[in-house]
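The file entry_9.txt comes next; it holds compact mmCIF, C-alpha atoms.
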# COMPACT_ATOMS: atom_id res chain seq x y z
CA MET A 1 36.98 -22.25 103.78
CA THR A 2 33.98 -24.30 104.91
CA SER A 3 34.32 -28.08 105.01
CA ILE A 4 31.91 -29.94 102.75
CA ALA A 5 31.28 -32.45 105.55
CA HIS A 6 28.16 -30.79 106.97
CA GLN A 7 26.79 -28.79 104.06
CA THR A 8 23.39 -29.56 102.56
CA VAL A 9 23.06 -31.19 99.15
CA ALA A 10 21.83 -27.86 97.76
CA GLU A 11 24.86 -26.04 99.17
CA LEU A 12 27.12 -28.62 97.55
CA GLY A 13 25.59 -27.91 94.13
CA GLY A 14 22.92 -30.59 93.88
CA GLU A 15 22.66 -34.36 93.77
CA TRP A 16 25.08 -34.76 90.85
CA SER A 17 27.65 -32.27 92.09
CA ILE A 18 31.12 -33.77 92.46
CA LEU A 19 31.12 -32.48 96.06
CA ASN A 20 27.97 -34.43 96.92
CA ARG A 21 29.17 -37.53 95.09
CA GLN A 22 32.45 -37.44 97.00
CA ARG A 23 30.80 -36.94 100.37
CA ARG A 24 28.35 -39.79 99.73
CA ASP A 25 31.23 -42.23 99.29
CA HIS A 26 33.03 -40.77 102.32
CA VAL A 27 29.99 -41.40 104.52
CA ARG A 28 29.86 -45.03 103.40
CA LEU A 29 33.60 -45.38 103.95
CA ASP A 30 33.26 -44.08 107.50
CA GLU A 31 30.62 -46.75 108.21
CA LEU A 32 32.91 -49.47 106.86
CA LEU A 33 35.93 -48.22 108.82
CA HIS A 34 33.93 -48.42 112.05
CA GLN A 35 33.07 -52.03 111.16
CA LEU A 36 36.71 -52.77 110.36
CA GLU A 37 37.93 -51.48 113.73
CA GLY A 38 36.00 -54.13 115.63
CA SER A 39 36.42 -57.03 113.23
CA GLU A 40 38.80 -59.96 112.88
CA GLY A 41 39.24 -63.15 110.89
CA GLN A 42 36.81 -63.77 108.05
CA GLU A 43 34.58 -60.86 109.07
CA GLN A 44 37.57 -58.52 108.79
CA ARG A 45 38.42 -59.84 105.33
CA ALA A 46 34.81 -59.38 104.18
CA VAL A 47 34.77 -55.75 105.35
CA LEU A 48 38.11 -55.15 103.64
CA ARG A 49 36.70 -56.44 100.35
CA GLU A 50 33.85 -53.95 100.62
CA ILE A 51 36.30 -51.15 101.40
CA ASN A 52 38.44 -52.08 98.39
CA ARG A 53 35.44 -52.05 96.05
CA LEU A 54 34.52 -48.61 97.32
CA VAL A 55 37.93 -46.97 97.69
CA PHE A 56 39.81 -48.03 94.57
CA PRO A 57 37.19 -47.03 91.96
CA HIS A 58 36.64 -43.79 93.91
CA ALA A 59 40.36 -42.96 93.93
CA PHE A 60 40.89 -44.00 90.30
CA ALA A 61 38.12 -41.62 89.19
CA GLU A 62 39.65 -38.83 91.28
CA GLU A 63 43.07 -39.36 89.73
CA SER A 64 41.68 -39.64 86.19
CA VAL A 65 39.07 -36.88 86.22
CA LEU A 66 39.04 -34.68 89.30
CA TRP A 67 42.67 -34.03 90.17
CA PRO A 68 43.69 -33.09 86.60
CA ALA A 69 40.80 -30.60 86.60
CA LEU A 70 41.92 -29.18 89.94
CA ARG A 71 45.46 -28.70 88.68
CA ARG A 72 44.01 -26.63 85.81
CA ILE A 73 41.59 -24.64 87.99
CA LEU A 74 43.56 -23.80 91.13
CA PRO A 75 46.00 -20.89 90.82
CA GLY A 76 49.78 -21.22 90.78
CA ASP A 77 51.13 -24.44 92.22
CA GLU A 78 48.25 -24.86 94.68
CA GLY A 79 46.55 -27.58 92.63
CA GLU A 80 49.82 -29.48 92.27
CA ARG A 81 50.54 -29.29 95.99
CA LEU A 82 47.09 -30.34 97.17
CA THR A 83 46.54 -33.15 94.67
CA LEU A 84 50.03 -34.58 95.17
CA GLN A 85 49.40 -34.87 98.90
CA VAL A 86 46.26 -36.90 98.24
CA GLU A 87 47.99 -39.03 95.57
CA GLN A 88 50.68 -39.91 98.12
CA GLU A 89 47.95 -41.01 100.54
CA HIS A 90 46.38 -43.11 97.79
CA GLN A 91 49.72 -44.75 97.10
CA GLU A 92 50.14 -45.68 100.74
CA VAL A 93 46.64 -47.20 100.75
CA ASN A 94 47.67 -49.32 97.75
CA HIS A 95 50.72 -50.62 99.62
CA LEU A 96 48.81 -51.35 102.81
CA VAL A 97 46.10 -53.30 101.00
CA VAL A 98 48.74 -55.29 99.08
CA GLN A 99 50.23 -56.26 102.46
CA LEU A 100 46.82 -57.30 103.77
CA ASP A 101 46.16 -59.38 100.65
CA SER A 102 49.27 -61.42 101.42
CA GLU A 103 48.77 -64.79 103.08
CA GLU A 104 52.11 -64.39 104.87
CA LEU A 105 50.87 -62.05 107.61
CA SER A 106 49.68 -63.58 110.86
CA GLU A 107 46.56 -62.23 112.55
CA GLU A 108 48.80 -60.42 115.03
CA GLU A 109 50.87 -58.87 112.23
CA ARG A 110 47.74 -57.73 110.38
CA ARG A 111 46.48 -55.51 113.21
CA PRO A 112 49.01 -52.63 112.91
CA VAL A 113 48.56 -52.66 109.11
CA ILE A 114 44.78 -52.43 109.55
CA ASP A 115 45.20 -49.60 112.06
CA ARG A 116 47.44 -47.65 109.68
CA LEU A 117 45.02 -48.22 106.78
CA ILE A 118 42.17 -46.77 108.84
CA GLU A 119 44.34 -43.80 109.82
CA VAL A 120 45.42 -43.00 106.25
CA LEU A 121 41.91 -43.32 104.83
CA ARG A 122 40.56 -40.93 107.46
CA GLU A 123 43.40 -38.50 106.78
CA ASP A 124 42.56 -38.67 103.08
CA VAL A 125 38.90 -37.87 103.72
CA ARG A 126 39.80 -34.92 105.97
CA ASP A 127 42.25 -33.50 103.43
CA GLU A 128 39.64 -33.70 100.69
CA GLU A 129 36.62 -32.47 102.65
CA ASP A 130 38.33 -29.72 104.65
CA GLU A 131 40.82 -28.30 102.17
CA LEU A 132 40.87 -29.55 98.59
CA LEU A 133 37.17 -29.75 97.76
CA PRO A 134 36.27 -26.45 99.49
CA ARG A 135 38.87 -24.72 97.29
CA LEU A 136 37.15 -26.22 94.25
CA GLN A 137 33.79 -25.02 95.59
CA GLU A 138 35.11 -21.47 95.90
CA LEU A 139 36.23 -21.29 92.27
CA VAL A 140 33.76 -23.38 90.26
CA PRO A 141 30.03 -22.69 89.62
CA PRO A 142 27.43 -25.35 90.47
CA SER A 143 26.91 -26.24 86.80
CA GLN A 144 30.58 -27.14 86.43
CA LEU A 145 30.52 -29.05 89.73
CA ARG A 146 27.68 -31.13 88.33
CA ALA A 147 29.52 -31.75 85.05
CA LEU A 148 32.55 -32.94 87.01
CA GLY A 149 30.26 -35.16 89.09
CA VAL A 150 28.82 -36.84 86.01
CA ALA A 151 32.29 -37.46 84.52
CA TRP A 152 33.68 -38.73 87.83
CA GLU A 153 30.71 -41.06 88.38
CA ALA A 154 31.02 -42.53 84.88
CA VAL A 155 34.67 -43.39 85.47
CA ARG A 156 34.06 -44.65 89.01
CA ARG A 157 31.49 -47.17 87.81
CA THR A 158 33.93 -48.69 85.29
CA ALA A 159 37.22 -48.46 87.24
CA PRO A 160 39.60 -51.04 88.75
CA THR A 161 38.54 -52.41 92.13
CA ARG A 162 41.90 -53.54 93.53
CA PRO A 163 45.29 -52.06 94.46
CA HIS A 164 47.74 -51.41 91.62
CA PRO A 165 50.71 -49.66 93.24
CA THR A 166 52.99 -49.49 90.22
CA VAL A 167 50.47 -47.84 87.87
CA ALA A 168 50.82 -44.06 87.58
CA ARG A 169 48.57 -42.00 89.82
CA ARG A 170 48.21 -39.54 86.90
CA PRO A 171 47.30 -39.53 83.21
CA PRO A 172 48.21 -40.78 80.74
CA GLY A 173 49.52 -43.88 82.53
CA ASN A 174 46.47 -44.48 84.72
CA ALA A 175 44.09 -43.86 81.80
CA LEU A 176 45.92 -46.43 79.65
CA ALA A 177 45.89 -48.98 82.49
CA GLY A 178 42.23 -48.43 83.33
CA LEU A 179 40.52 -50.66 80.78
CA PRO A 180 42.64 -53.84 81.08
CA LEU A 181 42.85 -53.62 84.87
CA THR A 182 39.11 -52.98 85.19
CA VAL A 183 38.31 -56.08 83.14
CA ILE A 184 40.72 -58.18 85.21
CA ASP A 185 39.65 -56.82 88.60
CA ARG A 186 35.94 -57.11 87.99
CA SER A 187 36.37 -60.63 86.58
CA ARG A 188 38.24 -61.54 89.76
CA ASP A 189 35.42 -60.05 91.83
CA VAL A 190 32.93 -62.34 90.09
CA LEU A 191 35.17 -65.38 90.61
CA ASP A 192 35.77 -64.56 94.26
CA ARG A 193 32.07 -64.08 94.96
CA GLY A 194 31.41 -67.39 93.25
CA ALA A 195 34.05 -69.08 95.40
CA GLU A 196 32.39 -67.77 98.56
CA ARG A 197 29.11 -69.43 97.56
CA SER A 198 30.54 -72.71 96.25
CA THR A 199 31.51 -76.06 97.68
CA ALA A 200 35.18 -76.66 98.46
CA PRO A 201 36.33 -78.21 95.12
CA THR A 202 34.62 -75.54 93.02
CA ALA A 203 35.79 -72.78 95.35
CA ARG A 204 39.41 -73.93 94.93
CA ARG A 205 39.11 -73.84 91.15
CA LEU A 206 37.54 -70.39 91.16
CA ARG A 207 40.19 -69.01 93.53
CA GLY A 208 42.87 -70.53 91.32
CA LEU A 209 41.44 -68.72 88.30
CA SER A 210 41.34 -65.49 90.30
CA GLN A 211 44.99 -65.87 91.25
CA SER A 212 45.91 -66.53 87.62
CA LEU A 213 44.23 -63.26 86.68
CA ALA A 214 46.16 -61.54 89.49
CA GLY A 215 49.35 -62.63 87.73
CA VAL A 216 48.06 -61.15 84.47
CA ALA A 217 47.28 -57.87 86.27
CA GLY A 218 50.81 -57.80 87.65
CA ARG A 219 52.26 -58.10 84.15
CA VAL A 220 49.95 -55.35 82.86
CA GLU A 221 51.04 -53.04 85.68
CA ARG A 222 54.70 -53.44 84.81
CA VAL A 223 54.27 -52.34 81.18
CA GLY A 224 56.30 -49.14 81.02
CA VAL A 225 53.62 -46.96 79.44
CA MET A 226 51.35 -47.55 82.48
CA ARG A 227 53.75 -45.47 84.59
CA VAL A 228 53.94 -42.42 82.32
CA GLY A 229 52.91 -39.20 84.06
CA GLU A 230 53.81 -40.41 87.55
CA ASP A 231 55.21 -37.92 90.04
CA PRO A 232 58.56 -39.21 91.39
CA SER A 233 57.24 -39.19 94.96
CA THR A 234 54.61 -41.84 94.12
CA SER A 235 56.70 -43.88 91.67
CA VAL A 236 57.67 -47.18 93.26
CA ASP A 237 58.64 -50.72 92.40
CA ASP A 238 55.91 -53.34 92.68
CA PRO A 239 55.96 -54.66 96.27
CA ARG A 240 54.62 -58.02 95.00
CA ALA A 241 57.45 -58.54 92.49

Can I see the file as C-alpha cells?
Amino acid sequence: MTSIAHQTVAELGGEWSILNRQRRDHVRLDELLHQLEGSEGQEQRAVLREINRLVFPHAFAEESVLWPALRRILPGDEGERLTLQVEQEHQEVNHLVVQLDSEELSEEERRPVIDRLIEVLREDVRDEEDELLPRLQELVPPSQLRALGVAWEAVRRTAPTRPHPTVARRPPGNALAGLPLTVIDRSRDVLDRGAERSTAPTARRLRGLSQSLAGVAGRVERVGVMRVGEDPSTSVDDPRA
C-alpha cells in the first residue's frame, strides 16, 4: 500500500476526494502541533483552541460518515479492526483535552499531557494515512471517493467542536448527539471569542455563560441513547462527572 501523504491531488481522486480532504486537515494539524510544541501559557491555550476546532469536527465526521462506510467496504473483520484502532485514539484525545481544559492542572502538570496529546494525534494521522485510507483507495473508485468527501465535508462543517468522551464513537449514538452538541459547542465558541475581545466585566459574564452551556452539554452527553452503538473498548464514564 502507498501512503496518501505524498500523493498528488489527482492521484487521491481530485479536490473533493475524501483522501484529499483528510490530508488537507492533516497538513494543517501538523502545523498546529509544531506550534504547540514550543508554546506555553496563553499562547499554548490559543493553539489548543485551534487544534480543538480542527480535530473534533474532523473526527466526528469520520466516525459518522467514513468509518461506517469502511466497515461496509473492507472485507472480513478488517474494517472493524482498523476503525476501532482509530476510534480508541480519538477517545484518548477526548480524555487528554478534557484534562487540559481543567483549571486544576499546573503549568508543570500540563506539559506531559500536552506531549501525550501530540504523540496520539501524530499516531492517528500515521494510522490513517499509511494504512486505513490506502486500503480504501485500493477498493473504491474515484467517483465514490469524491461522494464520500462531499458527505464527510458536510458533516465536518456542522459538527461539535469540543471533546465529548461519553458520547458513542459510532452511530446511532453519535448521530443523535451531533445536533444538540454542535449547537452548544458552537455557541460556546462565539461566547469565548467574545470574551477574548471584551473588557474584564463583560468577559466574565460571557465566560460564565459558556460554562453554563458546558453543564448543559454534560447533561446531554449522559443521556443513555447518546451511547448506543459504542464499542466496549471506548465506552467510559465521564471524567468530568

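Using all atoms listed in the file, the smallest distance between any of A:Glu40, A:Glu50, A:Glu129, A:Glu138 and Thr161 in chain A comes from A:Glu50.
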
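Proximity of A:Leu213, A:Arg197, A:Ser102, A:Val167 to Arg227 in chain A, computed with all atoms listed in the file, is greatest for A:Val167.
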
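Distance-wise, CA of Val125 in chain A and CA of Leu105 in chain A end up 27.3 Å apart.
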
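Comparing the minimum interatomic distances between Ser17 in chain A and each of A:Pro142, A:Pro134, A:Pro165, A:Pro75, counting all atoms listed in the file, we find that A:Pro142 sits nearest.
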
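Minimum distance to Gly41 in chain A across A:Asn94, A:Thr8, A:Gln22, A:Ser106 (counting all atoms listed in the file) occurs at A:Ser106.
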
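Excluding Val47 in chain A itself and any same-chain residue fewer than 2 positions from it, the protein and nucleic acid residues within 8 Å of it, counting all atoms listed in the file, are Leu32, Gln35, Leu36, Glu43, Gln44, Arg45, Arg49, Glu50 and Ile51 of chain A.
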
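Here the question is which of A:Asp189, A:Glu87, A:Asp30, A:Glu92 gets nearest to Arg122 in chain A using only C-alpha atoms, and that residue is A:Asp30.
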
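Picture a line from CA of Glu196 in chain A to CA of Gln42 in chain A; it runs 11.2 Å.
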
Expressed in Å to a single decimal, how great is the separation between CA of Leu121 in chain A and CA of Glu62 in chain A?
14.5 Å

Write out, as JSON lines, each residue of range 95-159 of chain A that has an atom at most 10 Å from range 80-84 of chain A, together with the closest pair of atoms and their distance in Å to one decimal, counting all atoms listed in the file, rows going by chain and rising number.
{"residue": "A:Asp127", "atom": "CA", "partner": "A:Leu82", "partner_atom": "CA", "distance": 8.5}
{"residue": "A:Glu128", "atom": "CA", "partner": "A:Leu82", "partner_atom": "CA", "distance": 8.9}
{"residue": "A:Glu131", "atom": "CA", "partner": "A:Leu82", "partner_atom": "CA", "distance": 8.3}
{"residue": "A:Leu132", "atom": "CA", "partner": "A:Leu82", "partner_atom": "CA", "distance": 6.4}
{"residue": "A:Leu133", "atom": "CA", "partner": "A:Leu82", "partner_atom": "CA", "distance": 10.0}
{"residue": "A:Arg135", "atom": "CA", "partner": "A:Leu82", "partner_atom": "CA", "distance": 10.0}

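By all atoms listed in the file, and with residues fewer than 6 positions from Gln99 in chain A along its chain excluded, the set lying at most 12 Å from it is Glu92, Val93, Leu105, Ser106, Glu109, Arg110, Arg111, Pro112, Val113, Ile114, Arg116, Leu117, Pro163, Pro165, Asp238, Pro239 and Arg240 of chain A.
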
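Counting only C-alpha atoms, the residue from A:Asn52, A:Asn20, A:Gln91, A:Gln85 that sits nearest to Arg186 in chain A is A:Asn52.
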